[in-house]
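The data block below is protein.cif; it holds mmCIF, C-alpha atoms.
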data_final
#
loop_
_atom_site.label_atom_id
_atom_site.label_comp_id
_atom_site.auth_asym_id
_atom_site.auth_seq_id
_atom_site.Cartn_x
_atom_site.Cartn_y
_atom_site.Cartn_z
CA MET P 822 23.33 -7.59 -18.42
CA ALA P 823 19.98 -8.63 -19.84
CA VAL P 824 17.90 -6.01 -21.56
CA SER P 825 14.94 -5.01 -19.41
CA LEU P 826 11.49 -5.84 -20.71
CA PHE P 827 10.03 -3.23 -18.37
CA LYS P 828 10.94 0.41 -18.70
CA ALA P 829 9.18 3.69 -18.17
CA CYS P 830 7.88 4.99 -21.48
CA SER P 831 6.17 8.22 -22.42
CA THR P 832 4.30 9.41 -25.48
CA PRO P 833 5.05 12.66 -27.35
CA GLU P 834 2.25 14.19 -25.24
CA GLN P 835 4.32 13.30 -22.15
CA LYS P 836 1.94 10.60 -20.95
CA PHE P 837 3.63 7.67 -19.20
CA TYR P 838 2.42 4.15 -19.82
CA ASN P 839 3.16 0.57 -18.77
CA THR P 840 5.15 -1.55 -21.16
CA GLY P 841 4.07 -5.15 -21.63
CA MET P 842 0.39 -4.44 -21.00
CA ALA P 843 -2.24 -3.67 -23.63
CA GLY P 844 -4.26 -0.53 -23.03
CA SER P 845 -4.14 2.00 -20.23
CA ALA P 846 -3.60 0.71 -16.73
CA ALA P 847 -6.53 2.82 -15.63
CA ALA P 848 -8.89 1.76 -18.42
CA SER P 849 -11.00 -0.64 -16.36
CA ASN P 850 -14.68 -1.08 -17.13
CA LEU P 851 -16.05 1.98 -15.37
CA TRP P 852 -19.66 0.92 -15.86
CA GLU P 853 -19.01 -2.48 -14.29
CA ILE P 854 -17.21 -0.82 -11.39
CA ALA P 855 -20.09 1.63 -10.86
CA LYS P 856 -22.62 -1.23 -10.83
CA MET P 857 -20.52 -3.17 -8.34
CA TYR P 858 -20.37 -0.20 -5.96
CA LEU P 859 -24.13 0.21 -6.18
CA ARG P 860 -24.94 -3.46 -5.68
CA THR P 861 -22.36 -4.64 -3.14
CA GLU P 862 -23.63 -5.00 0.39
CA ARG P 863 -20.81 -3.98 2.70
CA LYS P 864 -20.39 -6.17 5.80
CA ALA P 865 -17.35 -4.66 7.51
CA PRO P 866 -15.94 -1.76 5.49
CA SER P 867 -14.28 -0.31 8.60
CA PRO P 868 -13.53 -1.45 12.16
CA THR P 869 -16.30 -1.05 14.73
CA ALA P 870 -13.84 -0.80 17.64
CA PRO P 871 -10.44 0.90 18.01
CA LEU P 872 -7.67 -1.07 16.35
CA PRO P 873 -4.68 -2.16 18.46
CA LEU P 874 -1.93 0.43 18.28
CA ARG P 875 1.48 0.80 19.86
CA GLN P 876 2.28 4.42 20.59
CA ILE P 877 5.96 4.88 19.78
CA PRO P 878 7.60 6.44 22.86
CA ALA P 879 9.16 9.86 22.48
CA GLY P 880 12.87 9.45 21.89
CA GLU P 881 12.74 5.88 20.55
CA LEU P 882 13.23 7.09 17.00
CA SER P 883 15.72 9.84 17.78
CA ALA P 884 18.93 7.83 17.49
CA PRO P 885 18.72 5.12 14.78
CA GLY P 886 21.24 2.36 15.46
CA ASP P 887 23.12 0.12 13.08
CA GLN P 888 20.42 -2.56 13.26
CA ALA P 889 17.87 -2.25 10.44
CA THR P 890 14.31 -1.77 11.73
CA VAL P 891 10.94 -0.76 10.30
CA TYR P 892 7.70 0.61 11.76
CA ARG P 893 4.29 0.47 10.10
CA LEU P 894 2.74 3.90 10.58
CA GLY P 895 -0.41 3.22 8.53
CA HIS P 896 -1.43 2.43 4.95
CA SER P 897 1.84 2.53 2.92
CA SER P 898 3.68 4.84 5.31
CA ILE P 899 6.72 3.02 6.69
CA LEU P 900 9.52 4.40 8.83
CA ILE P 901 12.78 2.63 8.03
CA GLN P 902 15.94 2.84 10.14
CA LEU P 903 18.91 1.63 8.11
CA ASP P 904 22.65 2.23 8.64
CA GLY P 905 21.86 4.97 11.15
CA HIS P 906 19.57 6.79 8.71
CA THR P 907 15.82 7.38 8.86
CA VAL P 908 13.78 6.90 5.68
CA LEU P 909 10.03 7.43 5.23
CA THR P 910 7.93 5.89 2.46
CA ASP P 911 4.77 7.58 1.16
CA PRO P 912 4.06 9.58 4.34
CA VAL P 913 0.30 10.22 4.57
CA PHE P 914 -0.51 11.56 8.03
CA SER P 915 -3.72 13.49 7.30
CA ASP P 916 -7.08 12.27 8.58
CA ARG P 917 -8.37 11.64 5.06
CA ALA P 918 -6.75 10.32 1.87
CA SER P 919 -8.44 12.95 -0.24
CA PRO P 920 -7.99 16.31 -1.97
CA VAL P 921 -10.03 17.83 0.88
CA GLN P 922 -10.22 17.06 4.58
CA TRP P 923 -14.01 17.34 4.87
CA ALA P 924 -14.73 14.35 2.62
CA GLY P 925 -13.11 11.17 1.40
CA PRO P 926 -11.71 8.02 3.03
CA LYS P 927 -11.08 8.64 6.74
CA ARG P 928 -8.33 6.83 8.61
CA PHE P 929 -9.27 3.98 10.93
CA HIS P 930 -6.66 4.75 13.59
CA PRO P 931 -4.59 7.64 14.93
CA LEU P 932 -0.91 7.99 14.15
CA PRO P 933 1.31 5.88 16.43
CA PHE P 934 3.71 8.78 17.06
CA ALA P 935 3.83 12.53 17.54
CA LEU P 936 5.13 14.39 14.50
CA ASP P 937 7.54 16.41 16.64
CA ASP P 938 9.15 13.16 17.82
CA LEU P 939 10.41 12.28 14.35
CA PRO P 940 14.18 12.70 13.99
CA ALA P 941 16.00 14.16 11.00
CA ILE P 942 14.86 12.24 7.92
CA THR P 943 17.55 11.33 5.45
CA ALA P 944 15.09 10.62 2.64
CA VAL P 945 11.39 10.55 1.87
CA VAL P 946 10.59 8.01 -0.85
CA ILE P 947 7.43 8.56 -2.93
CA SER P 948 5.93 5.85 -5.17
CA HIS P 949 3.40 7.93 -7.15
CA ASP P 950 1.12 10.95 -6.92
CA HIS P 951 -2.25 9.51 -5.81
CA TYR P 952 -3.67 11.15 -2.70
CA ASP P 953 -3.21 8.10 -0.49
CA HIS P 954 0.54 8.15 -1.28
CA LEU P 955 1.44 11.80 -1.88
CA ASP P 956 -0.02 14.05 0.81
CA ARG P 957 0.78 17.76 0.52
CA ASP P 958 0.09 18.64 4.16
CA SER P 959 2.24 15.81 5.47
CA LEU P 960 5.20 16.72 3.28
CA LEU P 961 5.03 20.38 4.25
CA ALA P 962 4.81 19.46 7.94
CA LEU P 963 7.92 17.27 7.56
CA ASP P 964 9.92 19.47 5.23
CA ASN P 965 12.20 21.08 7.82
CA LYS P 966 13.34 17.58 8.86
CA VAL P 967 13.87 16.11 5.37
CA GLY P 968 17.19 16.01 3.55
CA THR P 969 16.12 14.50 0.20
CA TYR P 970 12.90 13.60 -1.58
CA LEU P 971 13.25 10.66 -3.97
CA VAL P 972 10.40 10.59 -6.49
CA PRO P 973 9.57 9.12 -9.92
CA LEU P 974 9.86 11.34 -13.00
CA LYS P 975 7.72 14.50 -12.98
CA VAL P 976 6.38 13.93 -9.44
CA GLY P 977 8.84 16.59 -8.33
CA ASN P 978 6.68 19.19 -10.10
CA HIS P 979 4.05 18.76 -7.38
CA LEU P 980 6.63 19.32 -4.64
CA ARG P 981 8.10 22.42 -6.30
CA ARG P 982 4.63 23.90 -6.71
CA TRP P 983 4.07 23.42 -2.97
CA GLY P 984 7.25 25.35 -2.15
CA ILE P 985 9.69 22.51 -1.47
CA ALA P 986 13.22 23.46 -2.52
CA ASP P 987 14.32 22.10 -5.89
CA ASP P 988 17.76 21.09 -4.59
CA LYS P 989 16.11 18.61 -2.18
CA ILE P 990 14.26 16.76 -4.96
CA VAL P 991 15.73 13.84 -6.92
CA GLU P 992 13.60 12.48 -9.80
CA LEU P 993 14.39 9.03 -11.19
CA ASP P 994 13.29 6.88 -14.10
CA TRP P 995 12.90 3.12 -13.67
CA TRP P 996 16.25 1.41 -12.98
CA GLN P 997 17.99 4.68 -12.15
CA SER P 998 19.70 4.87 -8.75
CA HIS P 999 20.72 7.54 -6.27
CA ARG P 1000 23.16 7.08 -3.40
CA ILE P 1001 23.01 8.87 -0.05
CA ALA P 1002 25.96 7.87 2.15
CA SER P 1003 25.76 4.05 2.46
CA LEU P 1004 22.17 3.86 1.16
CA GLN P 1005 21.36 3.09 -2.47
CA PHE P 1006 17.87 3.90 -3.74
CA THR P 1007 16.74 2.42 -7.07
CA ALA P 1008 13.46 3.28 -8.76
CA THR P 1009 12.05 0.04 -10.11
CA PRO P 1010 9.08 -0.84 -12.34
CA ALA P 1011 5.47 -1.02 -11.20
CA GLN P 1012 2.25 -1.58 -13.12
CA HIS P 1013 -0.02 1.27 -12.14
CA PHE P 1014 -1.07 4.79 -13.21
CA SER P 1015 -1.03 8.36 -11.90
CA GLY P 1016 -3.04 11.57 -11.65
CA ARG P 1017 -4.54 13.87 -9.02
CA GLY P 1018 -7.37 15.33 -11.09
CA LEU P 1019 -9.51 14.86 -14.17
CA SER P 1020 -7.01 16.23 -16.67
CA ASP P 1021 -3.57 14.99 -15.56
CA ARG P 1022 -3.87 11.22 -16.01
CA ASP P 1023 -0.45 9.53 -16.39
CA GLU P 1024 1.53 12.78 -16.62
CA THR P 1025 3.84 11.63 -13.81
CA LEU P 1026 5.61 8.28 -13.40
CA TRP P 1027 4.85 5.59 -10.82
CA ALA P 1028 7.49 3.28 -9.34
CA SER P 1029 8.44 0.72 -6.76
CA TRP P 1030 11.75 1.08 -4.90
CA ALA P 1031 14.73 -1.00 -3.84
CA ILE P 1032 16.47 0.43 -0.77
CA LYS P 1033 19.83 -1.15 0.02
CA GLY P 1034 22.21 -0.44 2.87
CA GLN P 1035 24.89 -2.29 4.77
CA GLY P 1036 22.27 -3.47 7.27
CA GLY P 1037 19.75 -4.86 4.81
CA ASN P 1038 18.14 -4.89 1.38
CA LEU P 1039 14.48 -3.78 1.32
CA PHE P 1040 11.81 -3.58 -1.38
CA PHE P 1041 8.88 -1.15 -1.29
CA SER P 1042 6.19 -1.88 -3.86
CA GLY P 1043 4.13 1.29 -3.88
CA ASP P 1044 1.00 0.36 -5.86
CA SER P 1045 1.05 -2.23 -8.63
CA GLY P 1046 -0.81 -4.97 -10.36
CA TYR P 1047 0.95 -8.30 -10.51
CA PHE P 1048 3.32 -8.48 -13.50
CA GLY P 1049 6.59 -9.98 -14.69
CA GLY P 1050 8.57 -6.99 -13.50
CA PHE P 1051 8.77 -8.40 -9.97
CA ARG P 1052 10.80 -11.34 -11.21
CA GLU P 1053 13.18 -9.08 -13.08
CA ILE P 1054 13.62 -6.85 -10.02
CA GLY P 1055 14.41 -9.94 -7.94
CA GLU P 1056 16.95 -11.14 -10.47
CA ARG P 1057 18.67 -7.76 -10.80
CA LEU P 1058 18.49 -6.35 -7.28
CA GLY P 1059 17.46 -9.22 -4.97
CA PRO P 1060 17.39 -11.17 -2.83
CA PHE P 1061 15.59 -8.87 -0.39
CA ASP P 1062 15.66 -9.24 3.38
CA LEU P 1063 12.22 -7.64 3.63
CA THR P 1064 9.53 -6.89 1.06
CA LEU P 1065 6.92 -4.23 1.84
CA ILE P 1066 4.20 -5.22 -0.61
CA GLU P 1067 0.83 -3.72 -1.46
CA THR P 1068 -1.97 -5.94 -0.16
CA GLY P 1069 -5.22 -4.03 -0.16
CA ALA P 1070 -7.72 -1.91 -2.17
CA TYR P 1071 -7.99 -4.70 -4.74
CA ASN P 1072 -10.78 -6.11 -6.88
CA LEU P 1073 -10.85 -8.37 -9.93
CA LEU P 1074 -12.15 -5.45 -12.01
CA TRP P 1075 -8.97 -3.47 -11.38
CA SER P 1076 -6.49 -6.26 -10.65
CA LYS P 1077 -4.16 -5.01 -13.39
CA VAL P 1078 -3.26 -2.06 -11.16
CA HIS P 1079 -3.82 -3.50 -7.65
CA MET P 1080 -2.71 -7.04 -6.81
CA LEU P 1081 -4.94 -9.58 -5.12
CA PRO P 1082 -3.39 -10.80 -1.82
CA GLU P 1083 -2.41 -14.14 -3.33
CA GLN P 1084 -0.61 -12.27 -6.11
CA SER P 1085 1.16 -10.14 -3.50
CA VAL P 1086 2.59 -13.32 -1.96
CA GLN P 1087 3.68 -14.49 -5.42
CA ALA P 1088 5.34 -11.11 -6.04
CA HIS P 1089 7.30 -11.59 -2.81
CA LEU P 1090 8.51 -14.96 -4.08
CA ASP P 1091 9.42 -13.46 -7.46
CA LEU P 1092 11.45 -10.80 -5.67
CA LYS P 1093 13.39 -13.47 -3.76
CA GLY P 1094 12.22 -12.02 -0.48
CA ARG P 1095 13.05 -13.52 2.90
CA ALA P 1096 10.16 -11.98 4.86
CA MET P 1097 7.07 -10.11 3.65
CA LEU P 1098 5.19 -7.30 5.36
CA PRO P 1099 1.81 -6.51 3.71
CA ILE P 1100 1.06 -2.78 3.38
CA HIS P 1101 -1.72 -0.64 1.86
CA ASN P 1102 -4.34 -2.04 4.26
CA SER P 1103 -6.00 -1.42 7.64
CA THR P 1104 -5.98 2.40 7.47
CA PHE P 1105 -8.37 3.61 4.74
CA ASP P 1106 -11.45 2.10 3.06
CA LEU P 1107 -10.48 2.26 -0.62
CA ALA P 1108 -12.27 -0.74 -2.15
CA LEU P 1109 -15.21 -3.09 -1.56
CA HIS P 1110 -13.61 -5.81 0.54
CA ASP P 1111 -13.87 -5.99 4.34
CA TRP P 1112 -11.16 -4.02 6.09
CA PHE P 1113 -9.42 -7.14 7.49
CA GLU P 1114 -9.73 -9.30 4.37
CA PRO P 1115 -6.32 -8.41 2.83
CA LEU P 1116 -4.44 -9.66 5.89
CA GLU P 1117 -6.54 -12.81 6.24
CA ARG P 1118 -6.07 -13.77 2.60
CA ALA P 1119 -2.37 -12.92 2.63
CA ALA P 1120 -1.89 -15.04 5.77
CA ALA P 1121 -3.59 -18.03 4.14
CA ALA P 1122 -1.55 -17.69 0.94
CA ALA P 1123 1.70 -17.25 2.89
CA TRP P 1124 0.97 -20.42 4.88
CA GLU P 1125 0.38 -22.39 1.69
CA ARG P 1126 3.58 -21.08 0.08
CA ASN P 1127 5.77 -21.32 3.19
CA VAL P 1128 6.35 -17.56 3.22
CA THR P 1129 7.38 -15.72 6.38
CA LEU P 1130 4.65 -13.11 6.82
CA LEU P 1131 4.98 -10.18 9.23
CA THR P 1132 1.78 -8.51 10.41
CA PRO P 1133 2.83 -6.12 13.16
CA ILE P 1134 0.45 -3.90 15.07
CA MET P 1135 0.85 -0.30 13.91
CA GLY P 1136 3.77 1.35 15.69
CA THR P 1137 5.56 -1.90 16.56
CA GLN P 1138 9.29 -2.05 15.86
CA VAL P 1139 10.26 -4.88 13.50
CA THR P 1140 13.90 -5.93 13.24
CA VAL P 1141 14.69 -6.68 9.62
CA GLN P 1142 17.28 -9.42 10.11
CA GLN P 1143 15.53 -11.12 13.05
CA PRO P 1144 11.86 -10.14 12.78
CA GLY P 1145 10.46 -12.83 15.05
CA LYS P 1146 6.77 -13.75 15.06
CA THR P 1147 3.84 -11.38 14.79
CA ALA P 1148 0.26 -12.00 15.90
CA PHE P 1149 -2.81 -12.25 13.70
CA TRP P 1150 -4.25 -9.27 15.57
CA TRP P 1151 -7.11 -8.56 13.12
CA ARG P 1152 -8.77 -11.87 14.00
CA ASP P 1153 -9.64 -10.49 17.43
CA GLU P 1154 -11.52 -7.64 15.73
CA ALA P 1155 -13.41 -9.60 13.02
CA GLU P 1156 -16.38 -11.98 13.06
CA PRO P 1157 -15.37 -15.62 12.38
CA ALA P 1158 -18.02 -15.97 9.68
CA LEU P 1159 -16.60 -12.99 7.80
CA LEU P 1160 -13.09 -14.42 8.04
CA GLU P 1161 -14.38 -17.61 6.42
CA ALA P 1162 -16.12 -15.55 3.74
CA ALA P 1163 -12.84 -13.78 2.97
CA LEU P 1164 -11.16 -17.10 2.17
CA ALA P 1165 -14.14 -18.18 0.09
CA GLY P 1166 -13.73 -14.96 -1.87
CA ALA P 1167 -10.11 -15.86 -2.50
CA GLU P 1168 -11.18 -19.15 -4.08
CA GLN P 1169 -13.71 -17.36 -6.27
CA ASP P 1170 -11.13 -14.84 -7.44
CA ALA P 1171 -8.64 -17.61 -8.21
CA ALA P 1172 -11.23 -19.43 -10.32
CA ALA P 1173 -12.10 -16.22 -12.18
CA LEU P 1174 -8.44 -15.49 -12.92
CA LYS P 1175 -7.94 -19.04 -14.19
CA ALA P 1176 -10.96 -18.69 -16.46
CA ARG P 1177 -9.51 -15.48 -17.93
CA GLN P 1178 -6.34 -17.28 -18.93
CA ARG P 1179 -8.13 -19.97 -20.96
#
Now that the file is in, can you turn its structure into C-alpha cells?
Amino acid sequence: MAVSLFKACSTPEQKFYNTGMAGSAAASNLWEIAKMYLRTERKAPSPTAPLPLRQIPAGELSAPGDQATVYRLGHSSILIQLDGHTVLTDPVFSDRASPVQWAGPKRFHPLPFALDDLPAITAVVISHDHYDHLDRDSLLALDNKVGTYLVPLKVGNHLRRWGIADDKIVELDWWQSHRIASLQFTATPAQHFSGRGLSDRDETLWASWAIKGQGGNLFFSGDSGYFGGFREIGERLGPFDLTLIETGAYNLLWSKVHMLPEQSVQAHLDLKGRAMLPIHNSTFDLALHDWFEPLERAAAAAWERNVTLLTPIMGTQVTVQQPGKTAFWWRDEAEPALLEAALAGAEQDAAALKARQR
C-alpha cells in the first residue's frame, strides 16, 4: 500500500495542522477579508420568497429498507439510509448557525421533518467542530435516539462536556475506520481548520468521511479546500456511488479551506464518484456570494465535465443507485441577470486562480 501524503498531524502543543500546505489553513488575509465585507454590495444574500421544500411524511423514515437512500435536510445535514440503518451527518437543526440563538446566520427554510419522526439513529457522523456543523442543541435533542457518534480526534471532548455518554463516542484519526454491523466508516483527510472560540484554534481535528455498506459507497466531504487528498481517497476507498461535497461559503480569499464550485466538481472526479450532490449551500448565509450561486456554478461545471449532478429539493428522497433526474429549482427563485452574473464570477475566479499558479 502506498504511503499516504496526507495525514493528521499535531504539534507538541496539541494543535492539528494540514500536511502539504504551507501556513495555517485559517491564516487568510484578515484585512483583505474585512475590506471585502465592507465594500461588497450584496444582491441576493438570502431568498426573498420561501424556498421549495418537501415535508417528509411521518413514518417514511421509520423503517429503512435495503435500498440506499439520502435526504438533504439543510446545509451539510444529510439523512442516509443504508443497509437498514439510519445515519446522520453534521446535524444542525437550530434556527441559527451560531454560539447564540439571538444573533448569527439564520436558516432560510424550516426543517423538512419533525424531530420526533426520526427513527433510531445508528450513527451520527461529525466532520469538525464549527458551529454550522456541530450544534450542541441538536445533538442533545437527538441523543436518546443515537447509538454511536463518530467524530475526528478531540471533537469528542465537546460531546462529553455536554453530557453525552463516553461509551457512545468513537474518535478517529485520518484513515482510521470503525465498523457498525455492515457499515464501515473511515475518517479521511480534509483541508480545513477548527475552533469554536478565540483561544481553541485547531485543537480538534477536521475530517471527511467514507461510509460504505452493502447497498452503496458514499463520501461526505465536510468542509475542505481543494487538495490532492481527494485523489488519494478515491484511489484507496473509491469509487463512490454518491459524493456529498461542500459547495458553498467560498471566496478566493479563503479558497484554501472552502472549495470553489468548479473545484468541488473536480474533487468529485478525483474521488471517482458516480453522482454528486452539492451540500453546504441554500440554508445559511456564510459568505459574500448570492445564495443560489453555488448551485448555478456547480451545475455549469458539471455540464462541462459530464458529471451527474443531483440537486434535490430539501426533504426529497434520493435513491443512491438509481437517483434519476433532479430539477434546477433555484432558477425559479433567482433573477436571470444574477444567474448570468454568477457564471461571470466563475470565469473571473478561474482567471485569478490561473494567475496565482504562474
From the options P:Arg893, P:His1089, P:Lys856, P:Arg1179, which residue's atoms come nearest to Phe1040 in chain P, counting only C-alpha atoms?
P:His1089
Run the PyMOL selection byres ((chain P and resi 1106) around 12) against the file shown and list the residues it catches, as a ChimeraX atom specification.
/P:863,865-868,896,917-919,925-930,953,1069-1071,1101-1105,1107-1115
Closest of P:Thr943, P:Gln997, P:Gln1138, P:Gln1087 to Thr969 in chain P - atom-to-atom distances counting all atoms listed in the file
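Of the candidates, the smallest distance to Thr969 in chain P is held by P:Thr943.
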Skip range 1147-1153 of chain P itself and residues of its chain fewer than 5 positions away, then list as an NGL selection string all residues within 7 Å of it, counting all atoms listed in the file.
:P and (1113 or 1131-1133)
If you keep C-alpha atoms, can you produce a file of those selected residues as a PDB file, in the frame of the given file?
ATOM      1  CA  PHE P1113      -9.420  -7.140   7.490  1.00  0.00           C
ATOM      2  CA  LEU P1131       4.980 -10.180   9.230  1.00  0.00           C
ATOM      3  CA  THR P1132       1.780  -8.510  10.410  1.00  0.00           C
ATOM      4  CA  PRO P1133       2.830  -6.120  13.160  1.00  0.00           C
TER       5      PRO P1133
END
Which of P:Asp1021, P:Asp1044, P:Glu1117, P:Glu1083 sits closest to Ser897 in chain P [using only C-alpha atoms]:
P:Asp1044
The centre and edge lengths of an axis-aligned box containing all atoms of range 984-997 of chain P present in the file, extended by 5 Å on each side, are to be given in Å to one decimal, as JSON.
{"center_x": 12.6, "center_y": 13.4, "center_z": -7.8, "size_x": 20.7, "size_y": 33.9, "size_z": 22.6}
For the structure provided, state which residues fall under the PyMOL selection byres ((chain P and resi 1097) around 7), and present them as a list in words.
Leu1063, Thr1064, Leu1065, His1089, Gly1094, Arg1095, Ala1096, Leu1098, Pro1099, Thr1129, Leu1130 and Leu1131 of chain P
